[in-house]
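Scroll down for the structure; my scribbles are underneath it.
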Amino acid sequence: MVKIKKFVKDKNIGKEKKPVAGALPASAVKSKKAYNSLRGMHDILPREEKYWKTCFHSAENLAEHFQFGRIETPILEEAGLFVRSIGRGTDVVDKEMYIFEDNDGDKVCLRPEATASVVRAFINHGMFNYPQPVKVWYWGQMFRHDRPQAGRYRQFHQVGFENFGDKDPAADAELILIAYNIYKDLGVPVEIHINSIGNLEERGRYRAELLNYYRGRRAYLCDDCKARLSKNPLRLLDCKETQCQPIKEEAPQIIDWLGEESKKHFMRVLEYLDELAIPYILRSSLVRGLDYYTNTVFEVYPITGEGTAQSALGGGGRYDLLVEEMGGRPTPAVGMALGIERSISVWKQYNDTNKIEMPVKRAEVFFAQLGEQARSRTMKIINDMRKSGLKVGFNFFKNSLKSQLELANNHKIPFAVILGQKEVQDGTAIIRDMESGVQEIVDQKKVESVIKKKLNKA
RNA sequence: GUGCCUAUAGUGUAGUGGUUAGCACAAGAGAUUGUGGUUCUCUUAGCACCGGUUCAAGUCCGGUUAGGCACCCCA
């Protein structure tokens, strides 16, 4: 909302159908100044690929195993969607959304999270008519106009899982299990912080009680907490100021305000976690920043050794009322999302301190060629080999054999195949064992099978 | 959004207001034009941007931008 002003210029560009460059100051177009990525937005380079791929595959495998279907929703949505679902008064909506008018004057925004979009899709496509529960997962960019710092970016990625139609505590536990397993796959030890915030009624009563308690002690609170009193009372319990600690300890706990049903649901979730041997911590201060949660809420934290990190890798909870609130049929639901950048950063740190190296997938055989004819012959052989699943390295840009072998060596590729004019004439090729330096001449047709045998892949 | 710290080749760094801005790694070329790992030579490439102070600014000052940290909040 606040950001609209910033984009007025862009709106006019669209309205007047001017070419974009023409509307910019001449200096901005002519200047040879190098461009940078926007603040809080980052390029993900090839060297990072192994981490991203592993994360993705772990999520994908778990999704498949637990029968979640992949859903992709648009990055751009009507702004109102998030205002209604996440709630006014939350920071995400009030301060952090990228909102602007598109060329038709519609108010659109870059999604700050995906649950609202998935709920919209669930309703739009009448998924309540599908066999219940409907389980979907997604992976993609989210945008929040926050001040960047470590592990917090304006464009970041989340992987998320949503389950519609299942009100059983087992569904809550299933999502926690998936989150837990993703980190288990990566080898990063995590623990779950968990709490229940009950239903609307219970939460309302508790909030009133909490306010009542805190108001009487207002004078002893830090400034932030004074602000929280009116803005976000449940956050009072999260305060780190020492002066607020004694007040916090005596404060009423939400768990005591839960009704029978909510309490039973929560206990059941915990029993599942016990059964699954998932380490968790009951944290009565955990409330989450989005309005739509009911009952179970949880967050995933890395266990770093020296104290726990302050920022969560991900989190989620139950949102039994949201689907109805968004105009659908009453449908219970649970969801969970994990921050990829944060997870990868923690994962790397963990690997660093424990001296764990990510295996690099390097080529298994390098093709070196000399001369035009050899080059085209090599190209053909490489293409044939691709079908057999061998990872082949080559570089047609380099001409000298020396520099090509150097490359093979730098990449620690175990075997090199050398093809020159002579070999093209003879229909042969030289296979060189890069470690021992031993070479043998083989028929071009047999290169593939010989290499496979050497790699124990035959 | 608030406060604090930082900014020199691709990366990591040196540089009392006057230096041809130095070093390491990486990258590219070469040391008998068909053979890698060691060595040697050469090359490419940098003071984030804008303004101010000064005879003179990478160095001091202001602003901008970006990065980091602590809040707020969140993934």
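Following the order of the structure tokens, chains are lettered A, B, ..., residues in each are numbered from 1, and ligands are numbered from 1.
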
Margin query: Show me, as a PyMOL selection string, the residues of chain B whose atoms get within 12 Å of chain A, using only C-alpha atoms (C1' of nucleotides) for the distance check.
Written below: chain B and resi 1-2+28-30+33-37+48-49+65-75

Checklist line | Pick from A:Ala227, A:Leu200, A:Ile356, A:Leu175 nearest to Phe298 in chain A, counting only C-alpha atoms | finding: A:Leu175

Note to self: What parts of range 36-186 of chain A does DSSP call helix (DSSP H, G or I)? I'd like the answer as a PyMOL selection string.
What the structure shows: chain A and resi 46-65+79-86+91-94+115-124+127-129+169-186

Notebook entry, point to check: Which polymer residues have any atom within 6 Å of an atom of Phe68 in chain A, counting only C-alpha atoms (C1' of nucleotides), with same-chain residues fewer than 2 positions away left out, as a PyMOL selection string?
Noted result: chain A and resi 63-64+66+135-137

Generate the output file for the selected residues, N, CA and C atoms, as an mmCIF file, in the first residue's frame.
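Ended up saving to result18.cif:
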```
data_model
loop_
_atom_site.group_PDB
_atom_site.id
_atom_site.type_symbol
_atom_site.label_atom_id
_atom_site.label_comp_id
_atom_site.auth_asym_id
_atom_site.auth_seq_id
_atom_site.Cartn_x
_atom_site.Cartn_y
_atom_site.Cartn_z
ATOM 1 N N ALA A 63 7.420 -35.291 -1.419
ATOM 2 C CA ALA A 63 6.085 -34.970 -1.941
ATOM 3 C C ALA A 63 5.493 -36.207 -2.613
ATOM 4 N N GLU A 64 6.335 -36.855 -3.385
ATOM 5 C CA GLU A 64 5.870 -38.039 -4.097
ATOM 6 C C GLU A 64 5.487 -39.135 -3.103
ATOM 7 N N PHE A 66 4.602 -38.895 0.010
ATOM 8 C CA PHE A 66 3.418 -38.584 0.814
ATOM 9 C C PHE A 66 2.233 -38.161 -0.058
ATOM 10 N N LYS A 135 -3.886 -32.758 -1.426
ATOM 11 C CA LYS A 135 -2.540 -32.436 -0.943
ATOM 12 C C LYS A 135 -1.692 -31.892 -2.082
ATOM 13 N N VAL A 136 -1.196 -30.677 -1.913
ATOM 14 C CA VAL A 136 -0.374 -30.074 -2.974
ATOM 15 C C VAL A 136 0.918 -29.509 -2.390
ATOM 16 N N TRP A 137 1.903 -29.381 -3.251
ATOM 17 C CA TRP A 137 3.144 -28.720 -2.832
ATOM 18 C C TRP A 137 3.593 -27.763 -3.913
#
```

Margin query: Taking 4 positions as the minimum chain separation for residues in the same chain, which residues sit within 12 Å of Pro246 in chain A when counting only C-alpha atoms (C1' of nucleotides)? Answer as a VMD selection string.
Written below: chain A and resid 214 217 220 to 221 237 239 to 242 250 to 251

Just-selected residues, N, CA and C atoms written as a PDB file, in the first residue's frame:
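Result file is again.pdb:
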```
ATOM      1  N   TYR A 214      -1.043  -7.587  31.153  1.00  0.00           N
ATOM      2  CA  TYR A 214       0.061  -6.714  30.778  1.00  0.00           C
ATOM      3  C   TYR A 214      -0.234  -5.248  31.045  1.00  0.00           C
ATOM      4  N   ARG A 217       0.840  -3.909  34.147  1.00  0.00           N
ATOM      5  CA  ARG A 217       2.287  -3.831  34.345  1.00  0.00           C
ATOM      6  C   ARG A 217       2.972  -2.975  33.289  1.00  0.00           C
ATOM      7  N   TYR A 220       6.383  -1.165  33.528  1.00  0.00           N
ATOM      8  CA  TYR A 220       7.645  -1.911  33.624  1.00  0.00           C
ATOM      9  C   TYR A 220       8.108  -2.482  32.291  1.00  0.00           C
ATOM     10  N   LEU A 221       7.352  -2.215  31.245  1.00  0.00           N
ATOM     11  CA  LEU A 221       7.666  -2.820  29.951  1.00  0.00           C
ATOM     12  C   LEU A 221       8.644  -1.974  29.135  1.00  0.00           C
ATOM     13  N   LEU A 237       4.989 -12.051  24.284  1.00  0.00           N
ATOM     14  CA  LEU A 237       5.638 -13.210  24.884  1.00  0.00           C
ATOM     15  C   LEU A 237       6.990 -13.517  24.250  1.00  0.00           C
ATOM     16  N   CYS A 239       9.337 -11.168  23.634  1.00  0.00           N
ATOM     17  CA  CYS A 239      10.286 -10.089  23.916  1.00  0.00           C
ATOM     18  C   CYS A 239      11.586 -10.627  24.508  1.00  0.00           C
ATOM     19  N   LYS A 240      12.706 -10.019  24.051  1.00  0.00           N
ATOM     20  CA  LYS A 240      14.006 -10.485  24.530  1.00  0.00           C
ATOM     21  C   LYS A 240      14.600  -9.551  25.579  1.00  0.00           C
ATOM     22  N   GLU A 241      13.953  -8.412  25.803  1.00  0.00           N
ATOM     23  CA  GLU A 241      14.461  -7.455  26.791  1.00  0.00           C
ATOM     24  C   GLU A 241      14.438  -8.073  28.195  1.00  0.00           C
ATOM     25  N   THR A 242      15.540  -7.855  28.923  1.00  0.00           N
ATOM     26  CA  THR A 242      15.608  -8.466  30.253  1.00  0.00           C
ATOM     27  C   THR A 242      14.543  -7.902  31.191  1.00  0.00           C
ATOM     28  N   GLU A 250       5.440 -14.791  34.368  1.00  0.00           N
ATOM     29  CA  GLU A 250       4.200 -14.898  35.135  1.00  0.00           C
ATOM     30  C   GLU A 250       2.959 -14.810  34.246  1.00  0.00           C
ATOM     31  N   ALA A 251       3.180 -14.460  32.982  1.00  0.00           N
ATOM     32  CA  ALA A 251       2.034 -14.192  32.101  1.00  0.00           C
ATOM     33  C   ALA A 251       1.181 -15.437  31.891  1.00  0.00           C
TER      34      ALA A 251
END
```

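CA of Phe56 in chain A is found 27.1 Å from CA of Glu275 in chain A.
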
Margin query: Report as a ChimeraX atom specification all protein, DNA and RNA residues lying within 12 Å of G15 in chain B, evaluated on only C-alpha atoms (C1' of nucleotides), omitting residues in the same chain fewer than 5 positions from it.
Written below: /B:8,21-23,47,58-59

Next, the residues of the selection above should be written as a tab-separated table (two decimals), in the first residue's frame with N, CA and C atoms (P, O5', C5', C4', C3', O3' and C1' of nucleotides).
```tsv
chain	number	residue	atom	x	y	z
B	8	U	P	35.68	-3.35	-1.71
B	8	U	O5'	36.67	-3.06	-2.91
B	8	U	C5'	36.51	-1.84	-3.65
B	8	U	C4'	37.82	-1.49	-4.30
B	8	U	C3'	38.56	-2.67	-4.92
B	8	U	O3'	38.04	-2.97	-6.20
B	8	U	C1'	40.07	-1.38	-3.67
B	21	A	P	49.26	4.55	-10.15
B	21	A	O5'	49.49	3.07	-9.63
B	21	A	C5'	50.36	2.83	-8.52
B	21	A	C4'	49.65	2.01	-7.48
B	21	A	C3'	49.24	0.61	-7.89
B	21	A	O3'	50.34	-0.28	-7.88
B	21	A	C1'	47.47	1.62	-6.71
B	22	G	P	50.57	-1.31	-9.02
B	22	G	O5'	51.23	-2.54	-8.27
B	22	G	C5'	52.47	-2.37	-7.60
B	22	G	C4'	52.47	-3.12	-6.31
B	22	G	C3'	52.04	-4.58	-6.40
B	22	G	O3'	53.05	-5.43	-6.92
B	22	G	C1'	50.99	-3.58	-4.57
B	23	C	P	52.63	-6.74	-7.71
B	23	C	O5'	52.15	-7.69	-6.54
B	23	C	C5'	53.06	-8.05	-5.51
B	23	C	C4'	52.36	-8.89	-4.46
B	23	C	C3'	51.65	-10.13	-4.99
B	23	C	O3'	52.55	-11.21	-5.23
B	23	C	C1'	50.25	-9.01	-3.46
B	47	C	P	37.73	1.18	-11.06
B	47	C	O5'	38.42	1.71	-9.74
B	47	C	C5'	37.65	2.44	-8.79
B	47	C	C4'	37.87	1.83	-7.44
B	47	C	C3'	37.28	2.63	-6.30
B	47	C	O3'	36.74	1.73	-5.35
B	47	C	C1'	39.62	2.43	-6.01
B	58	G	P	41.93	9.55	-5.79
B	58	G	O5'	41.56	8.12	-5.20
B	58	G	C5'	40.21	7.69	-5.17
B	58	G	C4'	40.02	6.66	-4.10
B	58	G	C3'	40.15	7.18	-2.68
B	58	G	O3'	38.91	7.65	-2.21
B	58	G	C1'	41.51	5.27	-2.96
B	59	U	P	38.83	8.92	-1.28
B	59	U	O5'	39.76	8.56	-0.03
B	59	U	C5'	39.39	7.52	0.88
B	59	U	C4'	40.50	7.30	1.87
B	59	U	C3'	40.74	8.50	2.79
B	59	U	O3'	40.87	8.07	4.13
B	59	U	C1'	42.74	7.94	1.64
```

Next item on the list: Write out as a VMD selection string which residues come within 9 Å of Val447 in chain A when counting only C-alpha atoms (C1' of nucleotides), dropping same-chain ones fewer than 2 positions away.
Entry: chain A and resid 381 417 428 to 431 442 to 445 449 to 452

Next item on the list: Compile the contact shell of Gly259 in chain A as a list in words: residues with an atom at most 8 Å away, counting only C-alpha atoms (C1' of nucleotides), same-chain residues fewer than 4 positions apart removed.
Entry: Gly198, Glu202 and Lys263 of chain A

Next item on the list: For CA of Ala59 in chain A and CA of Ile182 in chain A, determine how far apart the two atoms are, in Å to one decimal place.
Entry: 6.3 Å

Next item on the list: Per DSSP on the backbone, filter range 67-112 of chain A down to the residues in strand (DSSP E) and report them as a VMD selection string.
Entry: chain A and resid 69 to 70 76 to 78 98 to 101 107 to 110

Notebook entry, point to check: Quick one, how far is CA of Gly165 in chain A from CA of Gly317 in chain A?
Noted result: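 Those two atoms sit 14.1 Å apart.
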